[in-house]
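> Got a structure for you, model-v9.csv, holding CSV, C-alpha atoms and all ligand atoms.
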chain,number,residue,atom,x,y,z
A,26,MET,CA,-9.0,2.5,-15.0
A,27,PHE,CA,-8.5,5.3,-12.6
A,28,HIS,CA,-5.0,6.5,-11.8
A,29,ILE,CA,-5.4,7.6,-8.3
A,30,TYR,CA,-3.1,9.9,-6.3
A,31,CYS,CA,-2.8,8.5,-2.7
A,32,PRO,CA,-2.1,11.5,-0.4
A,33,TYR,CA,-0.3,9.2,2.0
A,34,CYS,CA,1.9,7.3,-0.4
A,35,ASP,CA,2.5,10.6,-2.2
A,36,GLU,CA,2.2,9.1,-5.7
A,37,TYR,CA,-0.2,7.8,-8.3
A,38,ARG,CA,-1.3,4.2,-8.1
A,39,GLU,CA,-3.5,1.9,-10.1
A,40,GLU,CA,-7.2,1.7,-9.3
A,41,GLU,CA,-6.8,-2.1,-8.6
A,42,GLU,CA,-5.1,-1.2,-5.3
A,43,PHE,CA,-8.0,0.9,-4.0
A,44,HIS,CA,-11.5,0.3,-2.7
A,45,PRO,CA,-14.3,2.9,-2.8
A,46,SER,CA,-15.8,3.4,0.6
A,47,GLY,CA,-18.8,5.7,0.0
A,48,GLN,CA,-19.8,9.2,0.7
A,49,ALA,CA,-17.3,11.3,2.7
A,50,HIS,CA,-17.8,13.9,5.4
A,51,LEU,CA,-20.7,12.2,7.2
A,52,ARG,CA,-21.4,13.7,10.6
A,53,ARG,CA,-22.3,11.4,13.4
A,54,PRO,CA,-25.0,12.8,15.6
A,55,ALA,CA,-23.3,14.3,18.7
A,56,ASP,CA,-25.7,12.6,21.1
A,57,PRO,CA,-26.9,9.4,19.5
A,58,ALA,CA,-29.2,8.4,22.5
A,59,ASN,CA,-31.2,11.6,22.2
A,60,SER,CA,-31.2,12.0,18.4
A,61,THR,CA,-34.5,11.5,16.5
A,62,ASP,CA,-35.1,8.5,14.3
A,63,ASP,CA,-34.8,10.8,11.3
A,64,GLU,CA,-31.3,12.1,12.4
A,65,TRP,CA,-30.0,8.6,13.3
A,66,GLY,CA,-31.5,6.9,10.3
A,67,GLY,CA,-30.3,9.6,8.0
A,68,TYR,CA,-26.8,9.2,9.4
A,69,LEU,CA,-26.8,5.4,9.1
A,70,PHE,CA,-28.6,4.6,5.9
A,71,PHE,CA,-29.2,7.6,3.7
A,72,ARG,CA,-26.6,8.8,1.2
A,73,ASP,CA,-26.5,11.5,-1.4
A,74,ASN,CA,-26.5,10.3,-5.0
A,75,GLU,CA,-25.0,13.3,-6.7
A,76,ARG,CA,-24.7,13.7,-10.4
A,77,GLY,CA,-21.6,15.7,-10.8
A,78,VAL,CA,-19.2,16.7,-8.0
A,79,HIS,CA,-19.1,14.1,-5.3
A,80,HIS,CA,-16.9,13.8,-2.2
A,81,GLU,CA,-16.2,10.2,-1.3
A,82,MET,CA,-13.9,8.1,0.8
A,83,TRP,CA,-11.5,5.6,-0.7
A,84,LEU,CA,-9.3,3.1,0.9
A,85,HIS,CA,-5.8,2.3,-0.3
A,86,ALA,CA,-6.5,-1.3,0.4
A,87,VAL,CA,-3.4,-2.9,-1.2
A,88,GLY,CA,-0.9,-0.2,-0.3
A,89,CYS,CA,-0.7,1.9,2.8
A,90,ARG,CA,-4.1,0.8,3.9
A,91,LYS,CA,-5.3,4.3,4.8
A,92,PHE,CA,-8.6,5.9,4.1
A,93,PHE,CA,-8.5,9.2,2.3
A,94,ASN,CA,-11.0,11.5,0.5
A,95,MET,CA,-11.6,12.2,-3.2
A,96,THR,CA,-13.5,14.8,-5.0
A,97,ARG,CA,-14.8,13.2,-8.2
A,98,ASN,CA,-17.3,13.8,-10.9
A,99,SER,CA,-19.8,11.0,-10.9
A,100,ALA,CA,-20.9,11.8,-14.5
A,101,THR,CA,-17.6,12.2,-16.2
A,102,TYR,CA,-15.4,10.2,-13.8
A,103,GLU,CA,-13.0,13.0,-13.6
A,104,ILE,CA,-11.0,13.1,-10.4
A,105,TYR,CA,-10.5,16.7,-9.2
A,106,GLU,CA,-8.4,16.0,-6.1
A,107,THR,CA,-7.6,13.6,-3.3
A,108,TYR,CA,-6.9,14.8,0.2
A,109,LYS,CA,-6.2,13.3,3.6
A,110,MET,CA,-8.7,12.5,6.3
A,111,GLY,CA,-9.6,15.6,8.4
A,112,GLU,CA,-8.9,18.0,5.5
A,113,ARG,CA,-11.4,20.0,3.6
A,114,PRO,CA,-12.0,19.7,-0.2
A,115,SER,CA,-10.8,22.6,-2.3
A,116,VAL,CA,-13.1,21.7,-5.2
A,117,THR,CA,-16.8,21.7,-4.5
A,118,ALA,CA,-20.0,21.7,-6.5
A,119,GLU,CA,-20.2,25.5,-5.9
A,120,ASN,CA,-16.8,26.5,-7.2
A,121,VAL,CA,-16.0,23.8,-9.8
A,122,GLY,CA,-17.5,25.9,-12.6
A,123,ASP,CA,-15.4,28.9,-11.7
A,124,LEU,CA,-12.2,26.8,-11.5
A,125,LYS,CA,-12.9,25.3,-14.9
A,126,ARG,CA,-13.7,28.6,-16.5
A,127,GLN,CA,-10.5,30.2,-15.1
A,128,SER,CA,-8.5,27.4,-16.7
A,129,GLY,CA,-10.4,27.7,-19.9
A,130,VAL,CA,-11.3,24.1,-20.3
A,131,GLN,CA,-14.6,22.3,-20.6
A,132,ALA,CA,-16.7,22.4,-17.5
A,133,GLU,CA,-19.3,19.7,-16.9
A,134,THR,CA,-21.5,22.0,-14.9
A,135,SER,CA,-21.6,24.9,-17.4
A,136,GLY,CA,-21.8,22.9,-20.6
A,137,TRP,CA,-19.0,24.3,-22.7
A,138,GLN,CA,-18.6,22.0,-25.6
A,139,THR,CA,-14.9,21.8,-26.4
A,140,VAL,CA,-11.7,22.7,-24.7
A,141,GLY,CA,-11.0,26.4,-24.9
A,142,ALA,CA,-14.4,27.2,-26.5
A,143,ARG,CA,-16.3,30.3,-25.4
A,144,PRO,CA,-19.9,30.1,-24.5
A,145,GLU,CA,-22.2,31.8,-27.1
A,146,SER,CA,-24.0,33.7,-24.4
A,147,GLU,CA,-23.2,34.2,-20.7
A,148,SER,CA,-26.8,33.6,-19.8
A,149,LEU,CA,-26.5,30.1,-21.0
A,150,ASN,CA,-24.0,29.4,-18.3
A,151,GLU,CA,-25.8,31.2,-15.6
A,152,GLU,CA,-29.0,29.3,-16.3
A,153,GLU,CA,-27.1,26.0,-15.9
A,154,GLN,CA,-25.6,27.1,-12.6
A,155,ALA,CA,-28.9,28.3,-11.1
B,30,MET,CA,7.5,0.3,30.6
B,31,SER,CA,4.3,-0.9,29.0
B,32,ASN,CA,2.2,-3.5,30.7
B,33,ILE,CA,2.5,-6.0,27.8
B,34,LYS,CA,3.3,-9.7,28.3
B,35,GLU,CA,6.0,-10.7,25.9
B,36,PHE,CA,7.2,-14.1,24.9
B,37,ASP,CA,9.6,-15.4,22.4
B,38,CYS,CA,7.5,-17.5,20.0
B,39,ARG,CA,10.5,-18.9,18.2
B,40,PRO,CA,11.1,-22.6,19.2
B,41,VAL,CA,14.4,-23.3,20.9
B,42,SER,CA,15.3,-25.8,18.2
B,43,GLN,CA,14.6,-25.0,14.5
B,44,GLU,CA,14.6,-28.8,13.8
B,45,GLY,CA,11.5,-29.7,11.8
B,46,ALA,CA,10.6,-26.0,11.3
B,47,GLU,CA,8.7,-25.4,8.1
B,48,SER,CA,8.8,-22.1,6.2
B,49,PRO,CA,5.7,-21.0,4.2
B,50,MET,CA,7.4,-22.5,1.2
B,51,ALA,CA,7.5,-26.0,2.7
B,52,TRP,CA,4.3,-27.3,1.1
B,53,THR,CA,5.3,-26.0,-2.3
B,54,HIS,CA,8.7,-27.7,-2.1
B,55,GLN,CA,7.1,-31.0,-1.1
B,56,HIS,CA,4.6,-30.9,-3.9
B,57,HIS,CA,6.6,-29.6,-6.8
B,58,GLU,CA,9.8,-31.0,-8.3
B,59,SER,CA,12.7,-28.6,-8.4
B,60,ARG,CA,13.3,-27.4,-11.9
B,61,PRO,CA,16.6,-28.5,-13.4
B,62,ALA,CA,18.9,-25.5,-13.6
B,63,GLY,CA,19.6,-24.6,-17.2
B,64,GLN,CA,22.5,-22.7,-18.6
B,65,ASN,CA,22.5,-19.0,-17.6
B,66,PRO,CA,19.0,-18.8,-16.2
B,67,GLY,CA,17.4,-15.4,-16.6
B,68,VAL,CA,15.9,-15.6,-13.1
B,69,ARG,CA,17.1,-17.1,-9.9
B,70,ILE,CA,14.6,-17.5,-7.0
B,71,ALA,CA,15.8,-18.1,-3.5
B,72,GLU,CA,14.0,-18.0,-0.2
B,73,LYS,CA,15.3,-16.2,2.9
B,74,ALA,CA,13.5,-18.4,5.4
B,75,PHE,CA,13.0,-17.9,9.1
B,76,LEU,CA,13.9,-14.2,9.3
B,77,GLY,CA,12.5,-12.1,12.1
B,78,HIS,CA,9.7,-9.8,11.0
B,79,LEU,CA,8.3,-7.1,13.3
B,80,ILE,CA,5.5,-4.6,12.4
B,81,LEU,CA,6.1,-1.2,14.2
B,82,ARG,CA,3.3,1.2,14.5
B,83,GLY,CA,3.3,4.7,16.1
B,84,GLY,CA,4.5,8.2,15.5
B,85,ALA,CA,7.5,8.5,13.2
B,86,ILE,CA,9.6,10.8,15.5
B,87,VAL,CA,9.4,8.6,18.6
B,88,LEU,CA,9.9,5.4,16.7
B,89,ASP,CA,12.8,6.8,14.7
B,90,GLU,CA,14.7,7.7,17.9
B,91,ALA,CA,14.3,4.2,19.3
B,92,VAL,CA,15.1,2.4,16.1
B,93,ARG,CA,18.2,4.5,15.5
B,94,ASP,CA,19.4,3.8,19.1
B,95,ILE,CA,18.9,0.1,18.9
B,96,LEU,CA,19.4,-0.9,15.3
B,97,GLY,CA,21.6,2.0,14.2
B,98,ILE,CA,19.3,2.5,11.2
B,99,ALA,CA,17.1,5.5,10.6
B,100,LEU,CA,13.4,5.0,10.1
B,101,PRO,CA,12.7,5.7,6.4
B,102,GLY,CA,11.0,9.1,6.4
B,103,ARG,CA,9.7,9.2,2.9
B,104,PRO,CA,6.8,7.0,1.8
B,105,ASN,CA,7.6,3.7,-0.1
B,106,THR,CA,11.3,3.6,0.8
B,107,MET,CA,13.4,1.3,3.0
B,108,THR,CA,16.6,1.7,4.9
B,109,GLN,CA,19.1,-1.0,5.8
B,110,ASN,CA,22.5,-1.5,7.4
B,111,ASP,CA,25.6,-1.8,5.2
B,112,ALA,CA,25.6,-5.6,5.3
B,113,GLY,CA,21.9,-5.7,4.3
B,114,THR,CA,21.0,-7.9,7.2
B,115,HIS,CA,18.7,-5.5,9.0
B,116,SER,CA,16.1,-3.4,7.3
B,117,VAL,CA,13.2,-1.0,8.0
B,118,GLN,CA,10.6,-0.4,5.4
B,119,TRP,CA,7.8,2.2,5.2
B,120,LEU,CA,4.4,0.5,4.9
B,121,GLY,CA,2.2,3.4,5.8
B,122,PRO,CA,2.3,6.8,7.5
B,123,ASP,CA,2.3,5.1,10.9
B,124,GLU,CA,3.5,1.6,10.0
B,125,TRP,CA,6.9,0.1,9.3
B,126,LEU,CA,8.2,-3.4,8.7
B,127,VAL,CA,11.5,-4.4,10.4
B,128,ILE,CA,13.3,-7.5,9.1
B,129,VAL,CA,16.2,-8.9,11.1
B,130,PRO,CA,18.2,-12.2,11.1
B,131,GLY,CA,16.1,-15.0,12.6
B,132,GLY,CA,16.3,-15.2,16.3
B,133,GLU,CA,17.0,-11.6,16.9
B,134,GLU,CA,13.4,-10.4,16.8
B,135,ALA,CA,12.3,-11.2,20.4
B,136,GLU,CA,15.2,-9.4,21.9
B,137,LEU,CA,14.7,-6.5,19.5
B,138,GLU,CA,11.1,-6.3,20.5
B,139,THR,CA,12.0,-6.2,24.2
B,140,LYS,CA,14.6,-3.5,23.7
B,141,LEU,CA,12.2,-1.4,21.6
B,142,ARG,CA,9.4,-1.7,24.2
B,143,LYS,CA,11.8,-0.5,26.8
B,144,ALA,CA,13.1,2.4,24.8
B,145,LEU,CA,9.6,3.5,23.8
B,146,GLY,CA,8.3,3.3,27.3
B,147,ASP,CA,4.9,5.0,27.6
B,148,ALA,CA,4.8,6.3,24.1
B,149,HIS,CA,1.7,5.4,21.9
B,150,PHE,CA,3.0,2.5,19.8
B,151,SER,CA,2.4,-1.1,18.8
B,152,ILE,CA,4.9,-3.9,18.0
B,153,VAL,CA,3.7,-7.2,16.5
B,154,ASN,CA,5.9,-10.2,15.7
B,155,VAL,CA,4.8,-11.5,12.3
B,156,SER,CA,7.8,-13.7,11.6
B,157,GLY,CA,5.7,-16.8,11.2
B,158,GLY,CA,3.2,-15.2,8.9
B,159,GLN,CA,5.4,-14.2,6.0
B,160,THR,CA,8.6,-15.1,4.2
B,161,VAL,CA,11.1,-13.3,1.9
B,162,LEU,CA,11.8,-14.5,-1.7
B,163,THR,CA,14.8,-13.0,-3.5
B,164,LEU,CA,14.8,-12.6,-7.2
B,165,SER,CA,18.0,-12.1,-9.2
B,166,GLY,CA,19.2,-12.5,-12.8
B,167,ALA,CA,19.0,-10.6,-16.0
B,168,ASN,CA,15.2,-11.0,-16.6
B,169,VAL,CA,13.8,-10.2,-13.2
B,170,ARG,CA,12.3,-7.0,-14.3
B,171,GLU,CA,10.5,-8.7,-17.2
B,172,VAL,CA,9.0,-11.2,-14.8
B,173,LEU,CA,7.9,-8.4,-12.5
B,174,MET,CA,6.4,-6.4,-15.4
B,175,LYS,CA,4.2,-9.4,-16.1
B,176,SER,CA,3.1,-9.8,-12.5
B,177,VAL,CA,2.6,-6.4,-10.8
B,178,VAL,CA,0.5,-3.3,-11.6
B,179,TYR,CA,3.3,-1.1,-10.2
B,180,ASP,CA,5.9,0.5,-12.5
B,181,VAL,CA,9.2,-1.4,-12.0
B,182,HIS,CA,11.3,0.6,-14.4
B,183,PRO,CA,14.5,1.9,-12.7
B,184,SER,CA,13.3,5.5,-13.0
B,185,ALA,CA,10.2,4.7,-11.0
B,186,PHE,CA,11.7,2.0,-8.8
B,187,PRO,CA,15.3,2.8,-7.8
B,188,VAL,CA,17.3,0.9,-5.3
B,189,GLY,CA,16.0,1.6,-1.8
B,190,LYS,CA,12.3,1.6,-2.8
B,191,GLY,CA,9.7,-0.7,-1.5
B,192,VAL,CA,5.9,-0.8,-2.1
B,193,THR,CA,3.0,-2.9,-1.1
B,194,THR,CA,1.1,-3.7,-4.3
B,195,VAL,CA,-0.9,-6.3,-6.2
B,196,PHE,CA,1.2,-9.2,-7.4
B,197,ALA,CA,-0.9,-11.3,-9.8
B,198,LYS,CA,-4.0,-11.5,-7.6
B,199,ALA,CA,-2.3,-11.4,-4.2
B,200,THR,CA,-1.0,-8.7,-2.0
B,201,THR,CA,2.8,-8.6,-1.9
B,202,ILE,CA,5.5,-6.3,-0.7
B,203,ILE,CA,8.1,-5.7,-3.4
B,204,ARG,CA,11.4,-4.1,-2.5
B,205,ARG,CA,14.7,-3.4,-4.1
B,206,PRO,CA,17.5,-3.6,-1.5
B,207,ALA,CA,20.3,-3.6,-4.1
B,208,GLU,CA,21.0,-3.1,-7.8
B,209,ASP,CA,21.2,-6.8,-8.6
B,210,HIS,CA,18.3,-8.3,-6.7
B,211,TRP,CA,14.7,-7.7,-5.7
B,212,GLU,CA,12.8,-9.1,-2.7
B,213,LEU,CA,9.2,-10.1,-2.3
B,214,VAL,CA,7.8,-10.3,1.2
B,215,VAL,CA,4.9,-12.7,0.8
B,216,ARG,CA,2.2,-13.8,3.3
B,217,ARG,CA,2.2,-17.5,4.3
B,218,SER,CA,-1.2,-18.1,2.7
B,219,PHE,CA,-0.1,-16.5,-0.6
B,220,ALA,CA,3.3,-18.1,-0.7
B,221,ASP,CA,2.5,-21.2,-2.8
B,222,TYR,CA,0.5,-19.1,-5.2
B,223,THR,CA,3.1,-16.4,-5.6
B,224,TYR,CA,5.9,-19.0,-6.0
B,225,ARG,CA,4.2,-21.0,-8.6
B,226,TRP,CA,3.2,-17.8,-10.5
B,227,LEU,CA,6.9,-16.8,-10.5
B,228,LEU,CA,8.0,-20.1,-11.8
B,229,ASP,CA,5.4,-19.9,-14.6
B,230,ALA,CA,6.2,-16.3,-15.5
B,231,ALA,CA,9.9,-16.9,-15.4
B,232,ALA,CA,9.8,-20.2,-17.4
B,233,GLU,CA,10.5,-18.5,-20.8
B,234,TYR,CA,13.7,-16.9,-19.5
B,235,GLY,CA,15.0,-20.0,-17.7
B,236,VAL,CA,14.6,-20.2,-14.0
B,237,THR,CA,16.5,-21.9,-11.1
B,238,GLN,CA,15.3,-22.3,-7.6
B,239,GLU,CA,17.8,-22.3,-4.8
B,240,ARG,CA,16.4,-24.4,-1.9
B,241,ALA,CA,17.7,-23.9,1.6
C,1,ZN,ZN,-1.4,4.9,0.0
Written as structure tokens, that's how I'd like the structure from this file.

Amino acid sequence: MFHIYCPYCDEYREEEEFHPSGQAHLRRPADPANSTDDEWGGYLFFRDNERGVHHEMWLHAVGCRKFFNMTRNSATYEIYETYKMGERPSVTAENVGDLKRQSGVQAETSGWQTVGARPESESLNEEEQA
Amino acid sequence: MSNIKEFDCRPVSQEGAESPMAWTHQHHESRPAGQNPGVRIAEKAFLGHLILRGGAIVLDEAVRDILGIALPGRPNTMTQNDAGTHSVQWLGPDEWLVIVPGGEEAELETKLRKALGDAHFSIVNVSGGQTVLTLSGANVREVLMKSVVYDVHPSAFPVGKGVTTVFAKATTIIRRPAEDHWELVVRRSFADYTYRWLLDAAAEYGVTQERA
């Protein structure tokens, strides 16, 4: 079970109250009538299937009934943050490794094995990130 | 003044009116009241329920003027007058539930519309769609613990709190207007289910139903 922090209710709630609503931050083509099939089709039907850091929308369906955003790791199920609609994520695929290394805990993207462990060689991490 | 047509949907006479609990009461025998029941269930039928939506600041001003109650500013809280007859509950960042004595809702709606004028808002009378069940007795918290995913411990659920959450498999508003009793605001279509779940969950503590 996820324990999800609703940014509108301002508290943690059970997963049972929420409904996942797919990838977040989709941009609708500004001029649909003059967009190409590729642009419009991509907007309507094609979604990223990230392994790792993923930004997605959730609905607090049985609660305040508001949509909000979540940054979540699709491989480990770790929830990094939730934030209101219209806001930008502070955790991204680019900076998640840095954030984790600063706090000295295992980072999914850099492959540290245990909490607090130091990598045997720096190059190991750099390779993973490249 | 907004260009909305209003009408009072409450019948002039309440004779023959049926609350959402009517079917349940017709189809299930009342349980005999035991000695010192752990849970007492009663219905507050035919109250006036309004859903207010809009910006908190403009709604707060109007509600204060007309009801004399402040709009609850913090999420998952409710405010009420001293007698406990009028209440306003936070349901979402732009949505509140107002509950008033039955018959007052149409006049309240008219007054609010007048006070709010051209502001961006919505008022919907949902009185017929839901009803209020009150739970009291020594074992109410145990019954709620069996029924909802939300933490009902006093440290997490003090007096004045109210949340929309999952009750058994239904959506229900749970609120705690006073130390000694809880209220469930249930939808008409879930009323029978919720009520019978309560009777079953409370059976081990002894339960009485007070019928209006
Ligand atoms: Zn919420």
> Write out as a ChimeraX atom specification each polymer residue (protein, DNA or RNA) that has an atom no more than 9 Å from ligand ZN 1 (chain C), with only C-alpha atoms and all ligand atoms counted.
/A:30-38,42-43,84-93 /B:104,120-122
> Within 9 Å of chain A, which residues of chain B show up when using only C-alpha atoms, listed as a list in words?
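So the residues of chain B near chain A are Arg103, Pro104, Asn105, Trp119, Leu120, Gly121, Pro122, Glu124, Val178, Tyr179, Val192, Thr193, Thr194, Val195, Thr200, Thr201 and Ile202 of chain B.
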> Can you tell me how far atom CA of B:Asp221 sits from atom CA of B:Lys175, in Å to one decimal?
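Answer for the atom CA of B:Asp221 to atom CA of B:Lys175 separation: 17.9 Å.
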> As a count of residues only, please: the residues near stretch 214-217 of chain B (cut-off 6 Å, all atoms listed in the file, same-chain neighbours under 5 positions excluded).
7
> As an NGL selection string, please: the residues near stretch 68-78 of chain A (cut-off 6 Å, all atoms listed in the file, same-chain neighbours under 4 positions excluded).
:A and (97-100 or 118)
> Reconstruct stretch 87-107 of chain A at the level of N, CA, C and O atoms, and format the result as a PDB file, in the coordinates of the input.

ATOM      1  N   VAL A  87      -4.667  -2.168  -0.969  1.00  0.00           N
ATOM      2  CA  VAL A  87      -3.400  -2.900  -1.200  1.00  0.00           C
ATOM      3  C   VAL A  87      -2.337  -1.821  -1.373  1.00  0.00           C
ATOM      4  O   VAL A  87      -1.986  -1.424  -2.459  1.00  0.00           O
ATOM      5  N   GLY A  88      -1.839  -1.337  -0.262  1.00  0.00           N
ATOM      6  CA  GLY A  88      -0.900  -0.200  -0.300  1.00  0.00           C
ATOM      7  C   GLY A  88      -0.705   0.186   1.163  1.00  0.00           C
ATOM      8  O   GLY A  88      -0.447  -0.665   2.012  1.00  0.00           O
ATOM      9  N   CYS A  89      -0.898   1.470   1.437  1.00  0.00           N
ATOM     10  CA  CYS A  89      -0.700   1.900   2.800  1.00  0.00           C
ATOM     11  C   CYS A  89      -1.836   1.647   3.728  1.00  0.00           C
ATOM     12  O   CYS A  89      -1.740   1.864   4.932  1.00  0.00           O
ATOM     13  N   ARG A  90      -2.956   1.157   3.171  1.00  0.00           N
ATOM     14  CA  ARG A  90      -4.100   0.800   3.900  1.00  0.00           C
ATOM     15  C   ARG A  90      -4.765   1.926   4.714  1.00  0.00           C
ATOM     16  O   ARG A  90      -5.321   1.739   5.783  1.00  0.00           O
ATOM     17  N   LYS A  91      -4.653   3.134   4.152  1.00  0.00           N
ATOM     18  CA  LYS A  91      -5.300   4.300   4.800  1.00  0.00           C
ATOM     19  C   LYS A  91      -6.495   4.747   3.999  1.00  0.00           C
ATOM     20  O   LYS A  91      -6.524   4.649   2.771  1.00  0.00           O
ATOM     21  N   PHE A  92      -7.492   5.249   4.741  1.00  0.00           N
ATOM     22  CA  PHE A  92      -8.600   5.900   4.100  1.00  0.00           C
ATOM     23  C   PHE A  92      -8.211   7.326   3.741  1.00  0.00           C
ATOM     24  O   PHE A  92      -7.439   7.959   4.465  1.00  0.00           O
ATOM     25  N   PHE A  93      -8.728   7.825   2.624  1.00  0.00           N
ATOM     26  CA  PHE A  93      -8.500   9.200   2.300  1.00  0.00           C
ATOM     27  C   PHE A  93      -9.780   9.700   1.537  1.00  0.00           C
ATOM     28  O   PHE A  93     -10.705   8.921   1.289  1.00  0.00           O
ATOM     29  N   ASN A  94      -9.843  10.985   1.210  1.00  0.00           N
ATOM     30  CA  ASN A  94     -11.000  11.500   0.500  1.00  0.00           C
ATOM     31  C   ASN A  94     -10.686  11.867  -0.926  1.00  0.00           C
ATOM     32  O   ASN A  94      -9.537  12.137  -1.277  1.00  0.00           O
ATOM     33  N   MET A  95     -11.715  11.857  -1.733  1.00  0.00           N
ATOM     34  CA  MET A  95     -11.600  12.200  -3.200  1.00  0.00           C
ATOM     35  C   MET A  95     -12.733  13.031  -3.595  1.00  0.00           C
ATOM     36  O   MET A  95     -13.863  12.786  -3.181  1.00  0.00           O
ATOM     37  N   THR A  96     -12.461  14.061  -4.395  1.00  0.00           N
ATOM     38  CA  THR A  96     -13.500  14.800  -5.000  1.00  0.00           C
ATOM     39  C   THR A  96     -13.560  14.350  -6.494  1.00  0.00           C
ATOM     40  O   THR A  96     -12.554  14.460  -7.194  1.00  0.00           O
ATOM     41  N   ARG A  97     -14.705  13.821  -6.916  1.00  0.00           N
ATOM     42  CA  ARG A  97     -14.800  13.200  -8.200  1.00  0.00           C
ATOM     43  C   ARG A  97     -16.074  13.559  -8.890  1.00  0.00           C
ATOM     44  O   ARG A  97     -17.053  13.886  -8.224  1.00  0.00           O
ATOM     45  N   ASN A  98     -16.081  13.554 -10.211  1.00  0.00           N
ATOM     46  CA  ASN A  98     -17.300  13.800 -10.900  1.00  0.00           C
ATOM     47  C   ASN A  98     -17.986  12.508 -11.280  1.00  0.00           C
ATOM     48  O   ASN A  98     -17.431  11.705 -12.035  1.00  0.00           O
ATOM     49  N   SER A  99     -19.169  12.282 -10.736  1.00  0.00           N
ATOM     50  CA  SER A  99     -19.800  11.000 -10.900  1.00  0.00           C
ATOM     51  C   SER A  99     -20.356  10.798 -12.318  1.00  0.00           C
ATOM     52  O   SER A  99     -20.721   9.694 -12.704  1.00  0.00           O
ATOM     53  N   ALA A 100     -20.433  11.884 -13.085  1.00  0.00           N
ATOM     54  CA  ALA A 100     -20.900  11.800 -14.500  1.00  0.00           C
ATOM     55  C   ALA A 100     -19.810  11.561 -15.458  1.00  0.00           C
ATOM     56  O   ALA A 100     -19.930  10.765 -16.386  1.00  0.00           O
ATOM     57  N   THR A 101     -18.691  12.273 -15.266  1.00  0.00           N
ATOM     58  CA  THR A 101     -17.600  12.200 -16.200  1.00  0.00           C
ATOM     59  C   THR A 101     -16.442  11.304 -15.728  1.00  0.00           C
ATOM     60  O   THR A 101     -15.515  11.009 -16.472  1.00  0.00           O
ATOM     61  N   TYR A 102     -16.491  10.934 -14.452  1.00  0.00           N
ATOM     62  CA  TYR A 102     -15.400  10.200 -13.800  1.00  0.00           C
ATOM     63  C   TYR A 102     -14.148  10.943 -13.581  1.00  0.00           C
ATOM     64  O   TYR A 102     -13.135  10.387 -13.177  1.00  0.00           O
ATOM     65  N   GLU A 103     -14.169  12.241 -13.861  1.00  0.00           N
ATOM     66  CA  GLU A 103     -13.000  13.000 -13.600  1.00  0.00           C
ATOM     67  C   GLU A 103     -12.663  13.125 -12.144  1.00  0.00           C
ATOM     68  O   GLU A 103     -13.562  13.390 -11.345  1.00  0.00           O
ATOM     69  N   ILE A 104     -11.412  12.897 -11.776  1.00  0.00           N
ATOM     70  CA  ILE A 104     -11.000  13.100 -10.400  1.00  0.00           C
ATOM     71  C   ILE A 104     -10.396  14.469 -10.255  1.00  0.00           C
ATOM     72  O   ILE A 104      -9.423  14.786 -10.922  1.00  0.00           O
ATOM     73  N   TYR A 105     -10.989  15.308  -9.392  1.00  0.00           N
ATOM     74  CA  TYR A 105     -10.500  16.700  -9.200  1.00  0.00           C
ATOM     75  C   TYR A 105      -9.338  16.728  -8.247  1.00  0.00           C
ATOM     76  O   TYR A 105      -8.379  17.459  -8.420  1.00  0.00           O
ATOM     77  N   GLU A 106      -9.457  15.954  -7.167  1.00  0.00           N
ATOM     78  CA  GLU A 106      -8.400  16.000  -6.100  1.00  0.00           C
ATOM     79  C   GLU A 106      -8.585  14.854  -5.171  1.00  0.00           C
ATOM     80  O   GLU A 106      -9.648  14.246  -5.089  1.00  0.00           O
ATOM     81  N   THR A 107      -7.503  14.529  -4.459  1.00  0.00           N
ATOM     82  CA  THR A 107      -7.600  13.600  -3.300  1.00  0.00           C
ATOM     83  C   THR A 107      -6.965  14.356  -2.146  1.00  0.00           C
ATOM     84  O   THR A 107      -6.074  15.182  -2.339  1.00  0.00           O
TER      85      THR A 107
END
